[in-house]
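Colleague: Below you will find the structure I want to go over with you.
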Amino acid sequence: MENGIQRLFLAALLLPLSLSANVQAQEGDDINPGLERVITPDTQRREIRQAQVDTEDFEIGIFYGVMNVEDFGTNGAGGLRLAYHVSEDFFMEANYGVSTTRETSFEKLSGSTQILSDDQRDLSYYNLSVGYNILPGEIFFGEKYAFNSNFYLIGGVGNTNFADEEHFTYNVGIGFRFYATDWIAVHIDVRDHIFEHDLLGEDQVVNNLETHAGITFFF
């Protein structure tokens with residue numbers, strides 16, 4: 001009997017404490033109704049657009065410009081280009097080009113003396129070079145359009161056929177590649193073709209500067 005009275009007495013004491021705790025919990029919810037939004041904020045995801053650059057490693061195209069053949073004037077020159085991109089920084093390139101040279105100043109002044117025949121004035125070359133992209137970047141047109149681009153250094157060896165003779169040739173230069181689309185690129189190049197000949201009576205090293213622009217396609 002005493003135990004029953006004790007239980008009733010304890011229940012009567014604990015009931016006000018329980019009611020007070022429930023009231024405080026409800027008041028806490030009313031004071032900070034945005035607590036749930038702070039814990040789980042409603043964030044908006046930003047859309048990321050990746051650059052549309054083709055993943056193919058081969059590049060083929062054509063070029064045309066001018067070549068200054070030392071002692072034989074400045075003449076039009078054109079050819080073919082084939083490149084393989086080993087990595088983002090390095091690429092291999094093979095070129096084939098042709099040009100037709102003019103008469104030398106000596107031939108023009110002498111009147112009848114010709115050092116080369118008409119057929120011998122045709123010049124052709126091929127080379128294999130290694131290129132290195134030194135300044136990859138972007139070109140912006142307005143606020144919406146951005147195009148990838150590269151400045152690169154290039155150098156290699158090859159052969160020049162001129163005046164019915166084969167000449168071992170070094171080539172060095174610098175170029176600019178502009179990606180017009182994800183599979184088309186525009187090039188501007190300056191190259192120096194260096195070889196030795198004795199067409200004017202003595203051995204001499206000549207520097208034949210070539211400047212050309214071209215278009216290539218990735219595949």
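Chain lettering (A, B, ...) mirrors the order of the structure tokens, residue numbering begins at 1 for each chain separately, and ligand numbering begins at 1 in order of display.
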Write out as a PyMOL selection string each polymer residue whose atoms come within 6 Å of Asn68 in chain A, counting only C-alpha atoms; drop sequence neighbours fewer than 2 positions from it.
Modeller: chain A and resi 73-74+208-209
Colleague: Take the residues just selected and output them with N, CA and C atoms as an mmCIF file, in the first residue's frame.
Modeller:
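The result, stored in result.cif:
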```
data_model
loop_
_atom_site.group_PDB
_atom_site.id
_atom_site.type_symbol
_atom_site.label_atom_id
_atom_site.label_comp_id
_atom_site.auth_asym_id
_atom_site.auth_seq_id
_atom_site.Cartn_x
_atom_site.Cartn_y
_atom_site.Cartn_z
ATOM 1 N N GLY A 73 65.769 35.659 -105.020
ATOM 2 C CA GLY A 73 64.535 36.414 -104.899
ATOM 3 C C GLY A 73 63.486 35.792 -103.988
ATOM 4 N N THR A 74 62.402 36.558 -103.821
ATOM 5 C CA THR A 74 61.251 36.125 -103.017
ATOM 6 C C THR A 74 60.171 35.606 -103.945
ATOM 7 N N ASN A 208 67.022 30.471 -96.153
ATOM 8 C CA ASN A 208 65.840 30.722 -96.974
ATOM 9 C C ASN A 208 64.627 30.874 -96.051
ATOM 10 N N LEU A 209 64.196 32.103 -95.859
ATOM 11 C CA LEU A 209 63.087 32.386 -94.950
ATOM 12 C C LEU A 209 61.758 32.188 -95.658
#
```
Colleague: Give me the residues near range 169-178 of chain A as a PyMOL selection string, where near means some atom within 7 Å (using only C-alpha atoms) and where sequence neighbours in that chain fewer than 2 positions away do not count.
Modeller: chain A and resi 148-160+167+180+185-195
Colleague: Could those residues be written to a file, using N, CA and C atoms, as a PDB file, in the first residue's frame?
Modeller:
```
ATOM      1  N   ASN A 148      40.406  28.378 -78.639  1.00  0.00           N
ATOM      2  CA  ASN A 148      41.716  27.928 -78.176  1.00  0.00           C
ATOM      3  C   ASN A 148      42.795  28.280 -79.200  1.00  0.00           C
ATOM      4  N   SER A 149      44.010  28.500 -78.708  1.00  0.00           N
ATOM      5  CA  SER A 149      45.121  28.850 -79.594  1.00  0.00           C
ATOM      6  C   SER A 149      46.428  28.380 -78.967  1.00  0.00           C
ATOM      7  N   ASN A 150      47.477  28.350 -79.793  1.00  0.00           N
ATOM      8  CA  ASN A 150      48.810  27.936 -79.348  1.00  0.00           C
ATOM      9  C   ASN A 150      49.886  28.699 -80.117  1.00  0.00           C
ATOM     10  N   PHE A 151      50.886  29.181 -79.413  1.00  0.00           N
ATOM     11  CA  PHE A 151      52.148  29.553 -80.038  1.00  0.00           C
ATOM     12  C   PHE A 151      53.093  28.369 -79.853  1.00  0.00           C
ATOM     13  N   TYR A 152      53.878  28.078 -80.879  1.00  0.00           N
ATOM     14  CA  TYR A 152      54.759  26.918 -80.777  1.00  0.00           C
ATOM     15  C   TYR A 152      56.093  27.189 -81.457  1.00  0.00           C
ATOM     16  N   LEU A 153      57.112  26.494 -80.953  1.00  0.00           N
ATOM     17  CA  LEU A 153      58.427  26.456 -81.578  1.00  0.00           C
ATOM     18  C   LEU A 153      58.557  25.147 -82.333  1.00  0.00           C
ATOM     19  N   ILE A 154      59.297  25.175 -83.443  1.00  0.00           N
ATOM     20  CA  ILE A 154      59.425  23.973 -84.256  1.00  0.00           C
ATOM     21  C   ILE A 154      60.805  23.924 -84.901  1.00  0.00           C
ATOM     22  N   GLY A 155      61.336  22.736 -85.076  1.00  0.00           N
ATOM     23  CA  GLY A 155      62.637  22.569 -85.710  1.00  0.00           C
ATOM     24  C   GLY A 155      62.831  21.131 -86.145  1.00  0.00           C
ATOM     25  N   GLY A 156      63.619  20.933 -87.210  1.00  0.00           N
ATOM     26  CA  GLY A 156      63.844  19.580 -87.695  1.00  0.00           C
ATOM     27  C   GLY A 156      64.846  19.539 -88.826  1.00  0.00           C
ATOM     28  N   VAL A 157      64.860  18.434 -89.530  1.00  0.00           N
ATOM     29  CA  VAL A 157      65.793  18.219 -90.636  1.00  0.00           C
ATOM     30  C   VAL A 157      65.023  17.668 -91.833  1.00  0.00           C
ATOM     31  N   GLY A 158      65.664  17.806 -93.003  1.00  0.00           N
ATOM     32  CA  GLY A 158      65.042  17.294 -94.213  1.00  0.00           C
ATOM     33  C   GLY A 158      65.958  17.444 -95.401  1.00  0.00           C
ATOM     34  N   ASN A 159      65.347  17.649 -96.561  1.00  0.00           N
ATOM     35  CA  ASN A 159      66.105  17.698 -97.810  1.00  0.00           C
ATOM     36  C   ASN A 159      65.495  18.751 -98.729  1.00  0.00           C
ATOM     37  N   THR A 160      66.365  19.480 -99.437  1.00  0.00           N
ATOM     38  CA  THR A 160      65.922  20.458-100.432  1.00  0.00           C
ATOM     39  C   THR A 160      66.479  20.077-101.794  1.00  0.00           C
ATOM     40  N   HIS A 167      70.181  18.848-101.159  1.00  0.00           N
ATOM     41  CA  HIS A 167      70.880  19.558-100.091  1.00  0.00           C
ATOM     42  C   HIS A 167      70.253  19.177 -98.744  1.00  0.00           C
ATOM     43  N   ALA A 180      39.648  27.246 -85.147  1.00  0.00           N
ATOM     44  CA  ALA A 180      38.419  27.892 -85.594  1.00  0.00           C
ATOM     45  C   ALA A 180      37.190  27.113 -85.146  1.00  0.00           C
ATOM     46  N   ALA A 185      41.787  24.057 -87.788  1.00  0.00           N
ATOM     47  CA  ALA A 185      42.757  24.996 -87.222  1.00  0.00           C
ATOM     48  C   ALA A 185      43.374  25.830 -88.332  1.00  0.00           C
ATOM     49  N   VAL A 186      43.695  27.071 -88.016  1.00  0.00           N
ATOM     50  CA  VAL A 186      44.369  27.982 -88.934  1.00  0.00           C
ATOM     51  C   VAL A 186      45.788  28.219 -88.405  1.00  0.00           C
ATOM     52  N   HIS A 187      46.776  28.141 -89.296  1.00  0.00           N
ATOM     53  CA  HIS A 187      48.180  28.285 -88.920  1.00  0.00           C
ATOM     54  C   HIS A 187      48.801  29.515 -89.582  1.00  0.00           C
ATOM     55  N   ILE A 188      49.706  30.153 -88.846  1.00  0.00           N
ATOM     56  CA  ILE A 188      50.599  31.163 -89.405  1.00  0.00           C
ATOM     57  C   ILE A 188      52.009  30.802 -88.953  1.00  0.00           C
ATOM     58  N   ASP A 189      52.927  30.610 -89.907  1.00  0.00           N
ATOM     59  CA  ASP A 189      54.263  30.108 -89.585  1.00  0.00           C
ATOM     60  C   ASP A 189      55.343  30.961 -90.231  1.00  0.00           C
ATOM     61  N   VAL A 190      56.483  31.022 -89.545  1.00  0.00           N
ATOM     62  CA  VAL A 190      57.704  31.593 -90.099  1.00  0.00           C
ATOM     63  C   VAL A 190      58.797  30.544 -89.920  1.00  0.00           C
ATOM     64  N   ARG A 191      59.423  30.107 -91.023  1.00  0.00           N
ATOM     65  CA  ARG A 191      60.459  29.070 -90.982  1.00  0.00           C
ATOM     66  C   ARG A 191      61.723  29.559 -91.687  1.00  0.00           C
ATOM     67  N   ASP A 192      62.846  29.049 -91.231  1.00  0.00           N
ATOM     68  CA  ASP A 192      64.131  29.297 -91.891  1.00  0.00           C
ATOM     69  C   ASP A 192      64.691  27.955 -92.340  1.00  0.00           C
ATOM     70  N   HIS A 193      64.889  27.805 -93.655  1.00  0.00           N
ATOM     71  CA  HIS A 193      65.466  26.582 -94.228  1.00  0.00           C
ATOM     72  C   HIS A 193      66.951  26.849 -94.493  1.00  0.00           C
ATOM     73  N   ILE A 194      67.804  26.093 -93.843  1.00  0.00           N
ATOM     74  CA  ILE A 194      69.247  26.362 -93.874  1.00  0.00           C
ATOM     75  C   ILE A 194      69.969  25.194 -94.541  1.00  0.00           C
ATOM     76  N   PHE A 195      70.700  25.490 -95.620  1.00  0.00           N
ATOM     77  CA  PHE A 195      71.521  24.457 -96.265  1.00  0.00           C
ATOM     78  C   PHE A 195      72.717  25.111 -96.944  1.00  0.00           C
TER      79      PHE A 195
END
```
Colleague: Give me the residues within 12 Å of Thr104 in chain A as a PyMOL selection string, counting only C-alpha atoms and dropping any in the same chain fewer than 5 places off.
Modeller: chain A and resi 69-74+109-111+113-116+121+199-200
Colleague: Can you list, as an MDAnalysis selection string, every residue of range 50-200 of chain A that DSSP puts in strand (DSSP E)?
Modeller: chainID A and resid 58:68 74:85 90:100 122:141 145:162 165:179 184:197
Colleague: For the atom pair CA of Ser117 in chain A and CA of Phe168 in chain A, what is the interatomic distance in Å to one decimal place?
Modeller: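 That distance, rounded to one decimal, is 22.0 Å.
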Colleague: Within 7 Å of Thr216 in chain A, counting only C-alpha atoms, which residues show up once you throw out same-chain ones fewer than 6 positions away? Write them as a PyMOL selection string, please.
Modeller: chain A and resi 59-62+184-186
Colleague: Grab the CA of Glu93 in chain A to CA of Pro136 in chain A distance for me, in Å with one decimal place.
Modeller: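 Computing the Euclidean distance for CA of Glu93 in chain A and CA of Pro136 in chain A yields 18.0 Å.
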Colleague: So that I can check the surroundings of Phe91 in chain A, please list as a list in words every protein, DNA and RNA residue that reaches within 9 Å of it, counting only C-alpha atoms and ignoring chain neighbours fewer than 6 positions away.
Modeller: Ala83, Tyr84, His85, Ser129, Val130, Gly131, Tyr132 and Asn133 of chain A
Colleague: Which residue, A:Ile139, A:Asn161, A:Tyr126, A:Leu82, has the smallest gap to Gly97 in chain A when you use only C-alpha atoms?
Modeller: A:Tyr126
Colleague: Excluding Gln120 in chain A and any residue of its chain fewer than 2 positions from it, enumerate the residues within 8 Å of it, using only C-alpha atoms, and give them as a list in words.
Modeller: Leu116, Ser117, Asp118, Asp122, Leu123, Phe162, Ala163 and Asp164 of chain A
Colleague: Under the rule that only C-alpha atoms are counted, which of A:Met67, A:Leu128, A:Leu80, A:Val98 is the nearest residue to Phe217 in chain A?
Modeller: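 Closest candidate: A:Leu80.
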Colleague: Measuring between only C-alpha atoms, which one of A:Asp182, A:Asp89, A:Glu202, A:Glu196 shows the shortest distance to Ile134 in chain A?
Modeller: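 For Ile134 in chain A, the nearest of the candidates is A:Asp89.
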Colleague: I need the residue nearest Tyr145 in chain A from this list: A:Glu165, A:Val205, A:Phe90, A:Thr181. Use only C-alpha atoms for the distance.
Modeller: A:Thr181
